[in-house]
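Asks: Structure: input-v9.pdb, PDB, C-alpha atoms.
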```
MODEL        1
ATOM      1  CA  MET C 187      15.634 -15.854  88.227
ATOM      2  CA  LYS C 188      13.295 -18.690  87.268
ATOM      3  CA  LYS C 189      11.490 -18.511  83.954
ATOM      4  CA  ILE C 190       7.980 -19.616  83.010
ATOM      5  CA  VAL C 191       6.703 -19.755  79.465
ATOM      6  CA  ALA C 192       2.921 -19.537  79.686
ATOM      7  CA  ILE C 193       0.814 -20.422  76.654
ATOM      8  CA  ILE C 194      -2.873 -19.585  76.658
ATOM      9  CA  GLY C 195      -4.328 -22.069  74.204
ATOM     10  CA  ASP C 196      -7.881 -20.752  74.099
ATOM     11  CA  PRO C 197      -8.744 -19.141  70.750
ATOM     12  CA  ARG C 198     -11.648 -17.270  72.351
ATOM     13  CA  GLU C 199     -11.301 -13.791  73.776
ATOM     14  CA  LYS C 200     -13.153 -14.799  76.952
ATOM     15  CA  GLY C 201     -13.527 -18.129  78.662
ATOM     16  CA  THR C 202     -12.898 -20.026  81.864
ATOM     17  CA  SER C 203      -9.518 -21.314  80.713
ATOM     18  CA  ARG C 204      -8.324 -17.700  80.341
ATOM     19  CA  VAL C 205      -9.598 -16.827  83.806
ATOM     20  CA  MET C 206      -7.817 -19.858  85.327
ATOM     21  CA  PHE C 207      -4.633 -19.018  83.386
ATOM     22  CA  TYR C 208      -4.457 -15.486  84.797
ATOM     23  CA  GLN C 209      -5.392 -16.596  88.327
ATOM     24  CA  TYR C 210      -2.516 -19.080  88.249
ATOM     25  CA  LEU C 211      -0.080 -16.433  86.989
ATOM     26  CA  ALA C 212      -1.314 -13.826  89.480
ATOM     27  CA  TYR C 213      -0.272 -16.129  92.311
ATOM     28  CA  LEU C 214       3.202 -16.715  90.847
ATOM     29  CA  GLU C 215       3.854 -13.121  89.857
ATOM     30  CA  THR C 216       3.826 -12.048  93.503
ATOM     31  CA  ASN C 217       7.286 -13.630  93.719
ATOM     32  CA  SER C 218      10.071 -11.388  92.390
ATOM     33  CA  LYS C 219      12.237 -14.403  91.535
ATOM     34  CA  ILE C 220       9.863 -15.486  88.765
ATOM     35  CA  GLU C 221       9.899 -14.172  85.188
ATOM     36  CA  VAL C 222       6.824 -14.979  83.078
ATOM     37  CA  LYS C 223       6.678 -14.814  79.304
ATOM     38  CA  ILE C 224       3.099 -15.092  77.972
ATOM     39  CA  TYR C 225       2.169 -16.357  74.523
ATOM     40  CA  ASP C 226      -1.471 -16.027  73.474
ATOM     41  CA  ILE C 227      -2.409 -18.208  70.498
ATOM     42  CA  ARG C 228      -4.965 -15.583  69.481
ATOM     43  CA  LYS C 229      -2.108 -13.162  68.807
ATOM     44  CA  LEU C 230       0.554 -15.479  67.407
ATOM     45  CA  ALA C 231       1.240 -14.941  63.720
ATOM     46  CA  PHE C 232       1.802 -18.377  62.227
ATOM     47  CA  ASP C 233       0.246 -21.006  59.995
ATOM     48  CA  PRO C 234      -0.960 -23.825  62.272
ATOM     49  CA  ASN C 235      -0.680 -26.297  59.386
ATOM     50  CA  LEU C 236       2.705 -27.769  58.616
ATOM     51  CA  SER C 237       2.071 -27.590  54.875
ATOM     52  CA  GLU C 238       5.688 -28.587  54.168
ATOM     53  CA  GLY C 239       6.074 -30.897  57.167
ATOM     54  CA  TYR C 240       9.292 -30.176  59.066
ATOM     55  CA  ARG C 241      10.458 -28.059  56.131
ATOM     56  CA  THR C 242       7.723 -25.503  56.833
ATOM     57  CA  GLU C 243       9.165 -22.032  57.361
ATOM     58  CA  GLN C 244       8.597 -20.700  60.859
ATOM     59  CA  THR C 245       7.577 -17.166  61.744
ATOM     60  CA  PRO C 246       9.717 -14.954  64.016
ATOM     61  CA  GLU C 247       7.054 -15.291  66.745
ATOM     62  CA  ILE C 248       7.215 -19.099  66.679
ATOM     63  CA  ILE C 249      11.013 -18.966  66.716
ATOM     64  CA  ALA C 250      10.876 -16.658  69.777
ATOM     65  CA  LEU C 251       8.416 -19.031  71.487
ATOM     66  CA  LYS C 252      10.734 -21.978  70.862
ATOM     67  CA  GLN C 253      13.764 -20.080  72.193
ATOM     68  CA  ASP C 254      11.894 -19.002  75.311
ATOM     69  CA  ALA C 255      10.530 -22.512  75.859
ATOM     70  CA  SER C 256      13.983 -24.070  75.577
ATOM     71  CA  SER C 257      15.314 -21.765  78.322
ATOM     72  CA  ALA C 258      12.243 -21.987  80.605
ATOM     73  CA  ASP C 259      12.104 -23.849  83.891
ATOM     74  CA  LEU C 260       8.354 -24.405  83.673
ATOM     75  CA  LEU C 261       5.994 -24.597  80.705
ATOM     76  CA  LEU C 262       2.369 -23.679  81.369
ATOM     77  CA  PHE C 263      -0.446 -24.547  78.962
ATOM     78  CA  SER C 264      -4.037 -23.527  79.653
ATOM     79  CA  TYR C 265      -6.785 -24.539  77.242
ATOM     80  CA  PRO C 266     -10.370 -25.749  76.880
ATOM     81  CA  VAL C 267     -11.185 -29.314  75.886
ATOM     82  CA  TRP C 268     -13.289 -29.428  72.748
ATOM     83  CA  TRP C 269     -14.515 -32.812  71.520
ATOM     84  CA  PHE C 270     -12.089 -34.517  73.928
ATOM     85  CA  ASN C 271      -9.066 -32.742  72.469
ATOM     86  CA  VAL C 272      -7.141 -29.471  72.346
ATOM     87  CA  PRO C 273      -8.374 -26.630  70.092
ATOM     88  CA  ALA C 274      -7.062 -26.983  66.538
ATOM     89  CA  VAL C 275      -4.906 -23.850  66.665
ATOM     90  CA  LEU C 276      -3.220 -25.095  69.869
ATOM     91  CA  LYS C 277      -2.418 -28.343  68.064
ATOM     92  CA  GLY C 278      -0.682 -26.169  65.465
ATOM     93  CA  VAL C 279       1.404 -24.527  68.194
ATOM     94  CA  ILE C 280       2.313 -27.973  69.558
ATOM     95  CA  ASP C 281       3.425 -29.099  66.091
ATOM     96  CA  HIS C 282       5.680 -26.038  65.732
ATOM     97  CA  LEU C 283       6.993 -25.977  69.303
ATOM     98  CA  PHE C 284       8.030 -29.617  69.502
ATOM     99  CA  TRP C 285      10.195 -29.520  66.393
ATOM    100  CA  ARG C 286      12.183 -32.550  65.302
ATOM    101  CA  GLY C 287      15.900 -31.993  65.832
ATOM    102  CA  GLU C 288      15.311 -29.215  68.368
ATOM    103  CA  SER C 289      13.095 -30.322  71.251
ATOM    104  CA  TYR C 290      13.862 -33.990  70.564
ATOM    105  CA  SER C 291      15.934 -36.044  68.136
ATOM    106  CA  PHE C 292      15.730 -39.741  67.367
ATOM    107  CA  LYS C 293      18.822 -39.411  65.152
ATOM    108  CA  ASP C 294      20.951 -38.011  68.008
ATOM    109  CA  LYS C 295      19.215 -40.187  70.636
ATOM    110  CA  LYS C 296      17.935 -37.124  72.501
ATOM    111  CA  PHE C 297      14.443 -37.992  73.660
ATOM    112  CA  LEU C 298      12.661 -39.093  76.825
ATOM    113  CA  PHE C 299      15.312 -39.451  79.575
ATOM    114  CA  THR C 300      18.006 -37.838  77.407
ATOM    115  CA  GLY C 301      15.752 -35.170  75.880
ATOM    116  CA  PRO C 302      17.066 -31.595  75.796
ATOM    117  CA  TRP C 303      14.233 -30.334  78.044
ATOM    118  CA  ARG C 304      14.627 -33.013  80.747
ATOM    119  CA  LYS C 305      15.072 -30.590  83.674
ATOM    120  CA  LYS C 306      11.832 -28.738  83.031
ATOM    121  CA  ARG C 307       8.381 -29.164  84.482
ATOM    122  CA  ALA C 308       5.057 -28.622  82.744
ATOM    123  CA  ARG C 309       1.674 -27.624  84.139
ATOM    124  CA  LEU C 310      -1.421 -28.257  82.050
ATOM    125  CA  ILE C 311      -4.617 -26.502  83.092
ATOM    126  CA  TYR C 312      -7.571 -27.574  81.051
ATOM    127  CA  THR C 313     -11.275 -26.896  81.298
ATOM    128  CA  VAL C 314     -14.023 -29.402  80.533
ATOM    129  CA  GLY C 315     -17.718 -28.629  80.133
ATOM    130  CA  GLY C 316     -18.638 -32.170  81.186
ATOM    131  CA  MET C 317     -16.972 -34.459  83.675
ATOM    132  CA  GLU C 318     -13.309 -35.429  83.648
ATOM    133  CA  LEU C 319     -14.488 -39.017  84.115
ATOM    134  CA  GLN C 320     -15.887 -38.940  80.567
ATOM    135  CA  HIS C 321     -12.567 -37.603  79.281
ATOM    136  CA  ARG C 322     -10.749 -40.418  81.090
ATOM    137  CA  LEU C 323     -13.024 -43.029  79.552
ATOM    138  CA  PHE C 324     -11.787 -41.942  76.122
ATOM    139  CA  GLY C 325      -8.106 -42.052  77.133
ATOM    140  CA  ARG C 326      -7.738 -38.344  78.006
ATOM    141  CA  PRO C 327      -6.720 -37.214  74.485
ATOM    142  CA  ALA C 328      -6.635 -33.538  75.505
ATOM    143  CA  LEU C 329      -3.970 -34.439  78.063
ATOM    144  CA  THR C 330      -1.967 -36.809  75.879
ATOM    145  CA  ALA C 331      -1.893 -34.294  72.980
ATOM    146  CA  LEU C 332       0.594 -32.359  75.123
ATOM    147  CA  ARG C 333       1.967 -34.995  77.460
ATOM    148  CA  TYR C 334       3.494 -37.141  74.703
ATOM    149  CA  PRO C 335       5.432 -34.317  72.999
ATOM    150  CA  LEU C 336       6.552 -33.072  76.423
ATOM    151  CA  TRP C 337       7.760 -36.558  77.388
ATOM    152  CA  MET C 338       9.522 -36.965  74.055
ATOM    153  CA  SER C 339      11.390 -33.693  74.758
ATOM    154  CA  GLY C 340      12.437 -34.950  78.180
ATOM    155  CA  VAL C 341       9.805 -33.131  80.270
ATOM    156  CA  LEU C 342       8.716 -36.099  82.347
ATOM    157  CA  SER C 343       7.213 -34.045  85.173
ATOM    158  CA  VAL C 344       3.866 -33.112  83.616
ATOM    159  CA  LYS C 345       1.235 -32.014  86.123
ATOM    160  CA  ALA C 346      -2.404 -31.566  85.122
ATOM    161  CA  THR C 347      -5.085 -29.477  86.798
ATOM    162  CA  VAL C 348      -8.587 -30.164  85.534
ATOM    163  CA  ILE C 349     -11.449 -27.712  85.863
ATOM    164  CA  ASP C 350     -14.520 -29.720  84.938
ATOM    165  CA  ARG C 351     -18.333 -29.736  85.158
ATOM    166  CA  LEU C 352     -18.482 -26.180  83.852
ATOM    167  CA  ASP C 353     -21.618 -26.754  81.754
ATOM    168  CA  LEU C 354     -23.396 -29.065  84.198
ATOM    169  CA  SER C 355     -25.912 -28.388  86.922
ATOM    170  CA  ILE C 356     -23.446 -29.992  89.360
ATOM    171  CA  ARG C 357     -20.883 -27.285  88.622
ATOM    172  CA  LYS C 358     -18.637 -26.414  91.546
ATOM    173  CA  SER C 359     -18.361 -22.880  92.917
ATOM    174  CA  ASP C 360     -15.907 -20.351  91.497
ATOM    175  CA  GLU C 361     -14.182 -20.374  94.889
ATOM    176  CA  TYR C 362     -13.604 -24.151  94.579
ATOM    177  CA  TYR C 363     -11.962 -23.727  91.161
ATOM    178  CA  TYR C 364      -9.905 -20.770  92.345
ATOM    179  CA  LYS C 365      -8.526 -22.764  95.289
ATOM    180  CA  LYS C 366      -7.637 -25.618  92.937
ATOM    181  CA  ILE C 367      -5.660 -23.247  90.710
ATOM    182  CA  VAL C 368      -3.863 -21.652  93.661
ATOM    183  CA  ARG C 369      -2.879 -25.113  94.984
ATOM    184  CA  ALA C 370      -1.333 -25.928  91.596
ATOM    185  CA  ALA C 371       0.486 -22.579  91.460
ATOM    186  CA  ARG C 372       1.773 -23.042  95.016
ATOM    187  CA  LYS C 373       3.214 -26.492  94.164
ATOM    188  CA  ASP C 374       4.878 -25.169  91.037
ATOM    189  CA  LEU C 375       6.329 -22.199  92.898
ATOM    190  CA  ARG C 376       7.869 -24.569  95.463
ATOM    191  CA  PHE C 377       9.351 -26.608  92.591
ATOM    192  CA  LEU C 378      10.818 -23.507  90.950
ATOM    193  CA  LEU C 379      12.333 -22.094  94.130
ATOM    194  CA  LYS C 380      13.948 -25.427  95.017
ATOM    195  CA  LYS C 381      15.745 -25.692  91.662
TER     196      LYS C 381
ENDMDL
END
```
Go ahead and express the file in the form of structure tokens.

Replies:
Amino acid sequence: MKKIVAIIGDPREKGTSRVMFYQYLAYLETNSKIEVKIYDIRKLAFDPNLSEGYRTEQTPEIIALKQDASSADLLLFSYPVWWFNVPAVLKGVIDHLFWRGESYSFKDKKFLFTGPWRKKRARLIYTVGGMELQHRLFGRPALTALRYPLWMSGVLSVKATVIDRLDLSIRKSDEYYYKKIVRAARKDLRFLLKK
């Protein structure tokens, strides 16, 4: 059985990134060979600030997330882009999840191509009120906030699906966005079943 750890990184109760997240999972959950473990940052009990750096004590929920992530075949992150970056609480999850000595280690030379998570794939689904072109002009910080820690851990296959123009008059139809999400889910399902 293939395992997906799915992290909904939207601190709001409702929002387009949540809708896209569950549409993606609905497509994958039709396959009985897929196990999905969902982590909602709204419900995670943890301090997003590393007040003691890498000596900060971690909650049982964060420890469970890290254990599930280390055994997953695919990591899914879905989140809105706010001020060209990830929501602050998601950044806290990233800081806890990609823990020095566990998901990567410079000391033991386990990073990038030798990283402990090198056989995994990641799918990032992020929503933008404006245009993705604007995000690109600023170096896509909401993508790199996750891509760099993933790469450092050995996850070099990082696929991004962007849902943009949500607050603009040139917004696409819901059907357009739905098809985009299903295409991403279909590609990831093929990847998982080939492994």

Asks: Hey, what's within 12 Å of C:Phe297 if we count all atoms listed in the file and toss same-chain stuff fewer than 6 positions away? As a PDB file with C-alpha atoms, keeping the file's coordinate frame, please?

Replies:
```
ATOM      1  CA  PHE C 284       8.030 -29.617  69.502  1.00  0.00           C
ATOM      2  CA  TRP C 285      10.195 -29.520  66.393  1.00  0.00           C
ATOM      3  CA  ARG C 286      12.183 -32.550  65.302  1.00  0.00           C
ATOM      4  CA  GLY C 287      15.900 -31.993  65.832  1.00  0.00           C
ATOM      5  CA  GLU C 288      15.311 -29.215  68.368  1.00  0.00           C
ATOM      6  CA  SER C 289      13.095 -30.322  71.251  1.00  0.00           C
ATOM      7  CA  TYR C 290      13.862 -33.990  70.564  1.00  0.00           C
ATOM      8  CA  SER C 291      15.934 -36.044  68.136  1.00  0.00           C
ATOM      9  CA  TRP C 303      14.233 -30.334  78.044  1.00  0.00           C
ATOM     10  CA  ARG C 304      14.627 -33.013  80.747  1.00  0.00           C
ATOM     11  CA  TYR C 334       3.494 -37.141  74.703  1.00  0.00           C
ATOM     12  CA  PRO C 335       5.432 -34.317  72.999  1.00  0.00           C
ATOM     13  CA  LEU C 336       6.552 -33.072  76.423  1.00  0.00           C
ATOM     14  CA  TRP C 337       7.760 -36.558  77.388  1.00  0.00           C
ATOM     15  CA  MET C 338       9.522 -36.965  74.055  1.00  0.00           C
ATOM     16  CA  SER C 339      11.390 -33.693  74.758  1.00  0.00           C
ATOM     17  CA  GLY C 340      12.437 -34.950  78.180  1.00  0.00           C
ATOM     18  CA  VAL C 341       9.805 -33.131  80.270  1.00  0.00           C
ATOM     19  CA  LEU C 342       8.716 -36.099  82.347  1.00  0.00           C
TER      20      LEU C 342
END
```

Asks: Considering all atoms listed in the file, tabulate each residue of stretch 269-381 of chain C that lies at most 7 Å from stretch 252-263 of chain C along with its nearest interatomic pair and the corresponding distance in Å to one decimal; arrange the rows by chain and ascending residue number and present them as a tab-separated table.

Replies:
```
residue	atom	partner	partner_atom	distance
C:Leu283	CA	C:Lys252	CA	5.7
C:Trp303	CA	C:Ser256	CA	6.7
C:Lys306	CA	C:Asp259	CA	5.0
C:Arg307	CA	C:Leu260	CA	4.8
C:Ala308	CA	C:Leu261	CA	4.6
C:Arg309	CA	C:Leu262	CA	4.9
C:Leu310	CA	C:Phe263	CA	4.9
C:Ile311	CA	C:Phe263	CA	6.2
```

Asks: Around stretch 237-249 of chain C, with edges along x, y and z and 6 Å added on all six sides, what centre and edge lengths do you get, in Å to one decimal, as JSON?

Replies:
```
{"center_x": 6.5, "center_y": -22.9, "center_z": 60.5, "size_x": 20.9, "size_y": 27.9, "size_z": 24.6}
```

Asks: So which one's closest to C:Lys380, C:Lys219, C:Tyr208, C:Ala274, C:Gly195? Using only C-alpha atoms, please.

Replies: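 Of all the options, C:Lys219 lies closest to C:Lys380.
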
Asks: Restricting the calculation to only C-alpha atoms, which member of C:Asp294, C:Asp350, C:Asp196, C:Glu243 is positioned closest to C:Glu318?

Replies: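 Of all the options, C:Asp350 lies closest to C:Glu318.
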
Asks: Take atom CA of C:Phe292 and atom CA of C:Ile190 and report the distance between them in Å, one decimal.

Replies: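 Distance reported for this atom pair: 26.6 Å.
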
Asks: If you count all atoms listed in the file, which residues fall within 12 Å of C:Trp268, apart from same-chain ones fewer than 2 positions away, as a ChimeraX atom specification?

Replies: /C:195-197,203,265-266,270-277,312-316,321,326-329

Asks: Give me a file of those residues, with C-alpha atoms, as a compact mmCIF listing (two decimals), in the coordinates of the input.

Replies:
```
# COMPACT_ATOMS: atom_id res chain seq x y z
CA GLY C 195 -4.33 -22.07 74.20
CA ASP C 196 -7.88 -20.75 74.10
CA PRO C 197 -8.74 -19.14 70.75
CA SER C 203 -9.52 -21.31 80.71
CA TYR C 265 -6.78 -24.54 77.24
CA PRO C 266 -10.37 -25.75 76.88
CA PHE C 270 -12.09 -34.52 73.93
CA ASN C 271 -9.07 -32.74 72.47
CA VAL C 272 -7.14 -29.47 72.35
CA PRO C 273 -8.37 -26.63 70.09
CA ALA C 274 -7.06 -26.98 66.54
CA VAL C 275 -4.91 -23.85 66.67
CA LEU C 276 -3.22 -25.10 69.87
CA LYS C 277 -2.42 -28.34 68.06
CA TYR C 312 -7.57 -27.57 81.05
CA THR C 313 -11.28 -26.90 81.30
CA VAL C 314 -14.02 -29.40 80.53
CA GLY C 315 -17.72 -28.63 80.13
CA GLY C 316 -18.64 -32.17 81.19
CA HIS C 321 -12.57 -37.60 79.28
CA ARG C 326 -7.74 -38.34 78.01
CA PRO C 327 -6.72 -37.21 74.48
CA ALA C 328 -6.64 -33.54 75.50
CA LEU C 329 -3.97 -34.44 78.06
```

Asks: When you count all atoms listed in the file, which of these residues is closest to C:Tyr364: C:Val279, C:Leu251, C:Ala331, C:Ile349?

Replies: C:Ile349

Asks: Have a look at C:Arg372, C:Arg228, C:Lys305, C:Arg357 and name the one nearest to C:Glu215; count all atoms listed in the file.

Replies: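 Among the listed residues, C:Arg372 lies closest to C:Glu215.
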
Asks: C:Leu236, C:Met317, C:Met206, C:Ile193: which is nearest C:Ala371, counting all atoms listed in the file?

Replies: C:Met206
